[in-house]
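What follows is the content of target23.pdb, which has PDB, C-alpha atoms:
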MODEL        1
ATOM      1  CA  MET B   1     152.544  86.813  97.741
ATOM      2  CA  ASP B   2     149.584  85.339  99.599
ATOM      3  CA  LEU B   3     147.423  82.422  98.498
ATOM      4  CA  PHE B   4     144.484  84.667  97.569
ATOM      5  CA  THR B   5     146.648  86.625  95.110
ATOM      6  CA  VAL B   6     147.911  83.428  93.474
ATOM      7  CA  VAL B   7     144.391  81.977  93.156
ATOM      8  CA  ALA B   8     143.032  85.291  91.806
ATOM      9  CA  PHE B   9     145.871  85.452  89.253
ATOM     10  CA  ILE B  10     145.194  81.884  88.083
ATOM     11  CA  PHE B  11     141.441  82.572  87.861
ATOM     12  CA  ILE B  12     141.827  85.799  85.841
ATOM     13  CA  LEU B  13     144.480  84.353  83.528
ATOM     14  CA  GLY B  14     142.506  81.132  83.116
ATOM     15  CA  SER B  15     139.315  83.039  82.296
ATOM     16  CA  ALA B  16     141.084  85.165  79.692
ATOM     17  CA  VAL B  17     142.650  82.102  78.061
ATOM     18  CA  VAL B  18     139.381  80.137  78.042
ATOM     19  CA  LEU B  19     137.555  83.058  76.382
ATOM     20  CA  HIS B  20     140.405  83.424  73.876
ATOM     21  CA  GLU B  21     140.302  79.734  72.985
ATOM     22  CA  PHE B  22     136.496  79.836  72.853
ATOM     23  CA  GLY B  23     136.830  82.406  70.052
ATOM     24  CA  HIS B  24     138.923  79.954  67.999
ATOM     25  CA  PHE B  25     136.451  77.186  68.872
ATOM     26  CA  LEU B  26     133.343  79.124  67.751
ATOM     27  CA  VAL B  27     134.753  80.124  64.377
ATOM     28  CA  ALA B  28     136.138  76.630  63.723
ATOM     29  CA  LYS B  29     132.726  75.127  64.501
ATOM     30  CA  PHE B  30     131.047  77.754  62.306
ATOM     31  CA  PHE B  31     133.195  76.622  59.354
ATOM     32  CA  LYS B  32     132.577  72.963  60.268
ATOM     33  CA  ILE B  33     136.251  72.351  61.033
ATOM     34  CA  ARG B  34     136.692  69.375  63.344
ATOM     35  CA  VAL B  35     137.635  70.394  66.885
ATOM     36  CA  GLU B  36     139.298  67.397  68.514
ATOM     37  CA  THR B  37     140.016  68.952  71.915
ATOM     38  CA  PHE B  38     138.875  71.983  73.896
ATOM     39  CA  SER B  39     141.086  72.031  76.974
ATOM     40  CA  VAL B  40     141.040  74.310  79.993
ATOM     41  CA  GLY B  41     144.624  73.983  81.170
ATOM     42  CA  PHE B  42     147.617  72.074  79.836
ATOM     43  CA  GLY B  43     149.208  68.767  80.611
ATOM     44  CA  PRO B  44     147.520  65.529  81.571
ATOM     45  CA  ARG B  45     143.736  65.320  81.327
ATOM     46  CA  LEU B  46     142.101  65.370  84.774
ATOM     47  CA  PHE B  47     138.485  64.959  83.719
ATOM     48  CA  GLY B  48     136.089  65.886  80.959
ATOM     49  CA  ARG B  49     133.512  64.640  78.532
ATOM     50  CA  LYS B  50     133.680  63.615  74.915
ATOM     51  CA  TRP B  51     130.716  64.970  73.001
ATOM     52  CA  GLY B  52     130.616  64.203  69.302
ATOM     53  CA  HIS B  53     134.169  64.410  67.989
ATOM     54  CA  THR B  54     135.317  66.908  70.640
ATOM     55  CA  ASP B  55     136.949  66.075  73.967
ATOM     56  CA  TYR B  56     136.002  68.869  76.403
ATOM     57  CA  ARG B  57     138.512  68.567  79.223
ATOM     58  CA  VAL B  58     140.117  70.120  82.255
ATOM     59  CA  SER B  59     143.852  69.509  82.389
ATOM     60  CA  ALA B  60     146.334  69.534  85.264
ATOM     61  CA  ILE B  61     148.164  72.855  84.721
ATOM     62  CA  PRO B  62     145.612  75.711  85.029
ATOM     63  CA  LEU B  63     147.739  78.405  83.350
ATOM     64  CA  GLY B  64     146.282  78.247  79.873
ATOM     65  CA  GLY B  65     144.354  76.039  77.533
ATOM     66  CA  TYR B  66     144.096  75.128  73.905
ATOM     67  CA  VAL B  67     141.883  74.067  71.028
ATOM     68  CA  LYS B  68     143.150  71.145  68.931
ATOM     69  CA  LEU B  69     141.802  71.406  65.387
ATOM     70  CA  GLY B  70     141.603  68.370  63.149
ATOM     71  CA  GLY B  71     144.388  68.379  60.579
ATOM     72  CA  ASP B  72     146.435  71.061  62.374
ATOM     73  CA  GLU B  73     149.761  69.379  63.070
ATOM     74  CA  SER B  74     151.594  72.536  64.181
ATOM     75  CA  ASN B  75     151.453  71.432  67.843
ATOM     76  CA  ALA B  76     151.620  67.670  67.247
ATOM     77  CA  PRO B  77     154.718  67.192  69.493
ATOM     78  CA  LEU B  78     152.786  68.672  72.426
ATOM     79  CA  GLU B  79     149.224  67.533  71.738
ATOM     80  CA  GLY B  80     149.725  64.419  69.645
ATOM     81  CA  ALA B  81     148.821  63.853  66.020
ATOM     82  CA  SER B  82     145.318  64.369  64.677
ATOM     83  CA  ALA B  83     143.001  61.415  64.294
ATOM     84  CA  PRO B  84     143.757  59.632  61.013
ATOM     85  CA  ASP B  85     140.109  59.298  59.948
ATOM     86  CA  ILE B  86     139.165  62.997  59.690
ATOM     87  CA  PRO B  87     137.364  63.700  56.390
ATOM     88  CA  PRO B  88     139.178  66.264  54.201
ATOM     89  CA  GLU B  89     136.268  68.739  54.448
ATOM     90  CA  GLU B  90     136.718  68.882  58.257
ATOM     91  CA  GLN B  91     140.500  69.418  58.266
ATOM     92  CA  TYR B  92     141.858  72.827  59.244
ATOM     93  CA  ASN B  93     144.975  72.584  57.084
ATOM     94  CA  LEU B  94     142.917  71.960  53.926
ATOM     95  CA  ARG B  95     140.680  75.013  54.360
ATOM     96  CA  PRO B  96     141.063  78.202  52.306
ATOM     97  CA  ARG B  97     143.557  80.661  53.770
ATOM     98  CA  TRP B  98     140.816  83.202  54.615
ATOM     99  CA  GLN B  99     139.046  80.641  56.850
ATOM    100  CA  ARG B 100     142.299  79.723  58.616
ATOM    101  CA  VAL B 101     143.005  83.429  59.184
ATOM    102  CA  LEU B 102     139.524  83.991  60.636
ATOM    103  CA  VAL B 103     139.961  81.026  63.006
ATOM    104  CA  ALA B 104     143.366  82.386  64.087
ATOM    105  CA  VAL B 105     142.103  85.971  64.572
ATOM    106  CA  ALA B 106     138.976  84.894  66.476
ATOM    107  CA  GLY B 107     140.884  84.381  69.741
ATOM    108  CA  PRO B 108     142.307  87.920  70.001
ATOM    109  CA  VAL B 109     138.983  89.365  68.799
ATOM    110  CA  MET B 110     137.215  87.513  71.627
ATOM    111  CA  ASN B 111     139.689  89.063  74.111
ATOM    112  CA  ILE B 112     138.948  92.538  72.727
ATOM    113  CA  ILE B 113     135.188  91.957  72.896
ATOM    114  CA  THR B 114     135.550  90.749  76.491
ATOM    115  CA  ALA B 115     137.686  93.763  77.414
ATOM    116  CA  MET B 116     134.978  96.080  76.077
ATOM    117  CA  ALA B 117     132.059  94.092  77.527
ATOM    118  CA  ILE B 118     133.300  94.191  81.136
ATOM    119  CA  PRO B 119     133.065  97.993  81.602
ATOM    120  CA  VAL B 120     129.826  98.152  79.592
ATOM    121  CA  ALA B 121     128.291  95.488  81.856
ATOM    122  CA  GLY B 122     129.547  97.412  84.900
ATOM    123  CA  ALA B 123     127.943 100.586  83.563
ATOM    124  CA  PHE B 124     124.625  98.792  83.099
ATOM    125  CA  VAL B 125     124.757  97.271  86.584
ATOM    126  CA  TYR B 126     126.127 100.221  88.573
ATOM    127  CA  GLY B 127     125.351 103.147  86.286
ATOM    128  CA  VAL B 128     127.568 105.940  85.105
ATOM    129  CA  PRO B 129     127.879 109.000  87.317
ATOM    130  CA  ALA B 130     126.664 112.203  85.687
ATOM    131  CA  THR B 131     129.855 114.161  86.138
ATOM    132  CA  PRO B 132     130.371 116.932  85.595
ATOM    133  CA  ALA B 133     127.001 118.333  86.610
ATOM    134  CA  PRO B 134     124.687 119.364  83.762
ATOM    135  CA  VAL B 135     125.369 122.851  82.399
ATOM    136  CA  VAL B 136     122.728 125.304  81.173
ATOM    137  CA  TYR B 137     123.324 125.855  77.460
ATOM    138  CA  TYR B 138     120.469 128.173  76.504
ATOM    139  CA  VAL B 139     117.884 130.193  78.438
ATOM    140  CA  GLN B 140     114.768 131.361  76.597
ATOM    141  CA  SER B 141     114.086 134.995  77.265
ATOM    142  CA  GLY B 142     110.999 135.386  79.477
ATOM    143  CA  GLY B 143     110.797 131.625  80.104
ATOM    144  CA  ALA B 144     110.644 129.855  83.474
ATOM    145  CA  ALA B 145     114.436 129.416  83.602
ATOM    146  CA  ASP B 146     114.973 133.122  82.891
ATOM    147  CA  GLN B 147     112.457 134.068  85.590
ATOM    148  CA  ALA B 148     114.249 131.728  88.030
ATOM    149  CA  GLY B 149     117.500 133.553  87.324
ATOM    150  CA  LEU B 150     119.334 130.860  85.345
ATOM    151  CA  LYS B 151     122.027 132.024  82.940
ATOM    152  CA  PRO B 152     123.914 130.122  80.202
ATOM    153  CA  GLY B 153     126.927 128.401  81.769
ATOM    154  CA  ASP B 154     125.248 127.796  85.162
ATOM    155  CA  ARG B 155     125.827 124.303  86.578
ATOM    156  CA  ILE B 156     122.823 122.360  87.898
ATOM    157  CA  VAL B 157     124.032 120.850  91.180
ATOM    158  CA  SER B 158     120.613 120.300  92.747
ATOM    159  CA  PHE B 159     117.138 119.908  91.298
ATOM    160  CA  ASN B 160     113.917 119.596  93.324
ATOM    161  CA  GLY B 161     115.938 118.589  96.385
ATOM    162  CA  THR B 162     118.023 115.936  94.534
ATOM    163  CA  GLU B 163     121.787 116.420  94.686
ATOM    164  CA  ASN B 164     123.756 115.849  91.455
ATOM    165  CA  PRO B 165     120.772 115.197  89.183
ATOM    166  CA  SER B 166     121.306 113.251  85.991
TER     167      SER B 166
ENDMDL
END
Represent the structure contained in this file as structure tokens.
Amino acid sequence: MDLFTVVAFIFILGSAVVLHEFGHFLVAKFFKIRVETFSVGFGPRLFGRKWGHTDYRVSAIPLGGYVKLGGDESNAPLEGASAPDIPPEEQYNLRPRWQRVLVAVAGPVMNIITAMAIPVAGAFVYGVPATPAPVVYYVQSGGAADQAGLKPGDRIVSFNGTENPS
């Protein structure tokens, strides 16, 4: 495996994970749940910026990332305990179950949205080929198409000198 393949793999995986975690982040912020950390990568913090209560960081191991929610102690052995001064209304674990479910589901939903957005964006940028060629469905008797000799079922492969018209 060459270096380009390894770097491409890390970039694609990293992008997918960051978008996934961003889904959790957006919904948590929407419900005013404290987000303590938004990390691109795992392991020791390399650099970042603390803005409000959230530490936005890049960590040493680029194969993933995570969002640390205030009051969520499920990953405490890996990420450390939550800050002790988080108000109850900002704690994830004290939220109604439906809000916790929406925060949890937001990551996979973001991956699905991304998976659908990529081909749609490609279609807008590069277009969608008009294949197969347009087919004549109906020819009005005595009309211009009838006089030109078109019949239902004919394929239009050229129009006014343009090959494969759309």
Spell out the residues picked by the PyMOL selection byres ((chain B and resi 42) around 6) here, as a PDB file with C-alpha atoms, in the coordinates of the input.
ATOM      1  CA  GLY B  41     144.624  73.983  81.170  1.00  0.00           C
ATOM      2  CA  GLY B  43     149.208  68.767  80.611  1.00  0.00           C
ATOM      3  CA  SER B  59     143.852  69.509  82.389  1.00  0.00           C
ATOM      4  CA  ILE B  61     148.164  72.855  84.721  1.00  0.00           C
ATOM      5  CA  GLY B  65     144.354  76.039  77.533  1.00  0.00           C
TER       6      GLY B  65
END
Residues within 10 Å of region 29-31 of chain B, please, as a PyMOL selection string. Count only C-alpha atoms; anything in the same chain fewer than 6 positions from it doesn't count. chain B and resi 69+89-90+92+95+99-100+102-103
Would you write out, as a ChimeraX atom specification, every residue that the PyMOL selection byres ((chain B and resi 157) around 10) captures in this file? /B:132-135,154-156,158-159,161-166
Could you give me, as JSON, numbers by chain, the residues that have an atom at most 12 Å away from the point (146.7, 70.9, 84.6) in the coordinates of the file, using only C-alpha atoms? {"B": [10, 14, 39, 40, 41, 42, 43, 44, 45, 46, 47, 57, 58, 59, 60, 61, 62, 63, 64, 65, 66]}
Pick the closest to Lys32 (chain B) from B:Ile86, B:Val120, B:Ala148, B:Ala8: which is it, counting all atoms listed in the file?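 Checking each of B:Ile86, B:Val120, B:Ala148, B:Ala8 against Lys32 (chain B), counting all atoms listed in the file, the winner is B:Ile86.
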Work out how far CA of Val109 (chain B) is from CA of Ala83 (chain B), in Å to one decimal.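 Straight-line distance from CA of Ala83 (chain B) to CA of Val109 (chain B) works out to 28.6 Å.
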Starting from the shown file, work through the PyMOL selection byres ((chain B and resi 56) around 7) and note down what comes out as a ChimeraX atom specification. /B:37-39,48-50,54-55,57
In Å to one decimal, how far is CA of Val35 (chain B) from CA of Ile12 (chain B)? 24.8 Å
For Met110 (chain B), which residue out of B:Val7, B:Leu19, B:Val67, B:Met1 is the nearest one, using only C-alpha atoms? B:Leu19
Separation of CA of His24 (chain B) from CA of Val105 (chain B), in Å and rounded to one decimal: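 Spanning CA of His24 (chain B) to CA of Val105 (chain B) is a straight-line distance of 7.6 Å.
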May I have the protein, DNA and RNA residues with an atom at most 7 Å from (144.2, 65.5, 60.8), counting only C-alpha atoms in the file's coordinates, returned as a ChimeraX atom specification? /B:70-72,82-84,86,91
Using only C-alpha atoms, which residue out of B:Asn93, B:Thr114, B:Thr5, B:Ser74 lies closest to Val17 (chain B)? B:Thr114
Emit as AutoDock Vina command-line options the padded axis-aligned box for all listed atoms of region 41-58 of chain B, 6 Å per side, with centre and edge lengths in Å to one decimal.
--center_x 139.9 --center_y 68.8 --center_z 76.4 --size_x 30.6 --size_y 22.4 --size_z 28.8
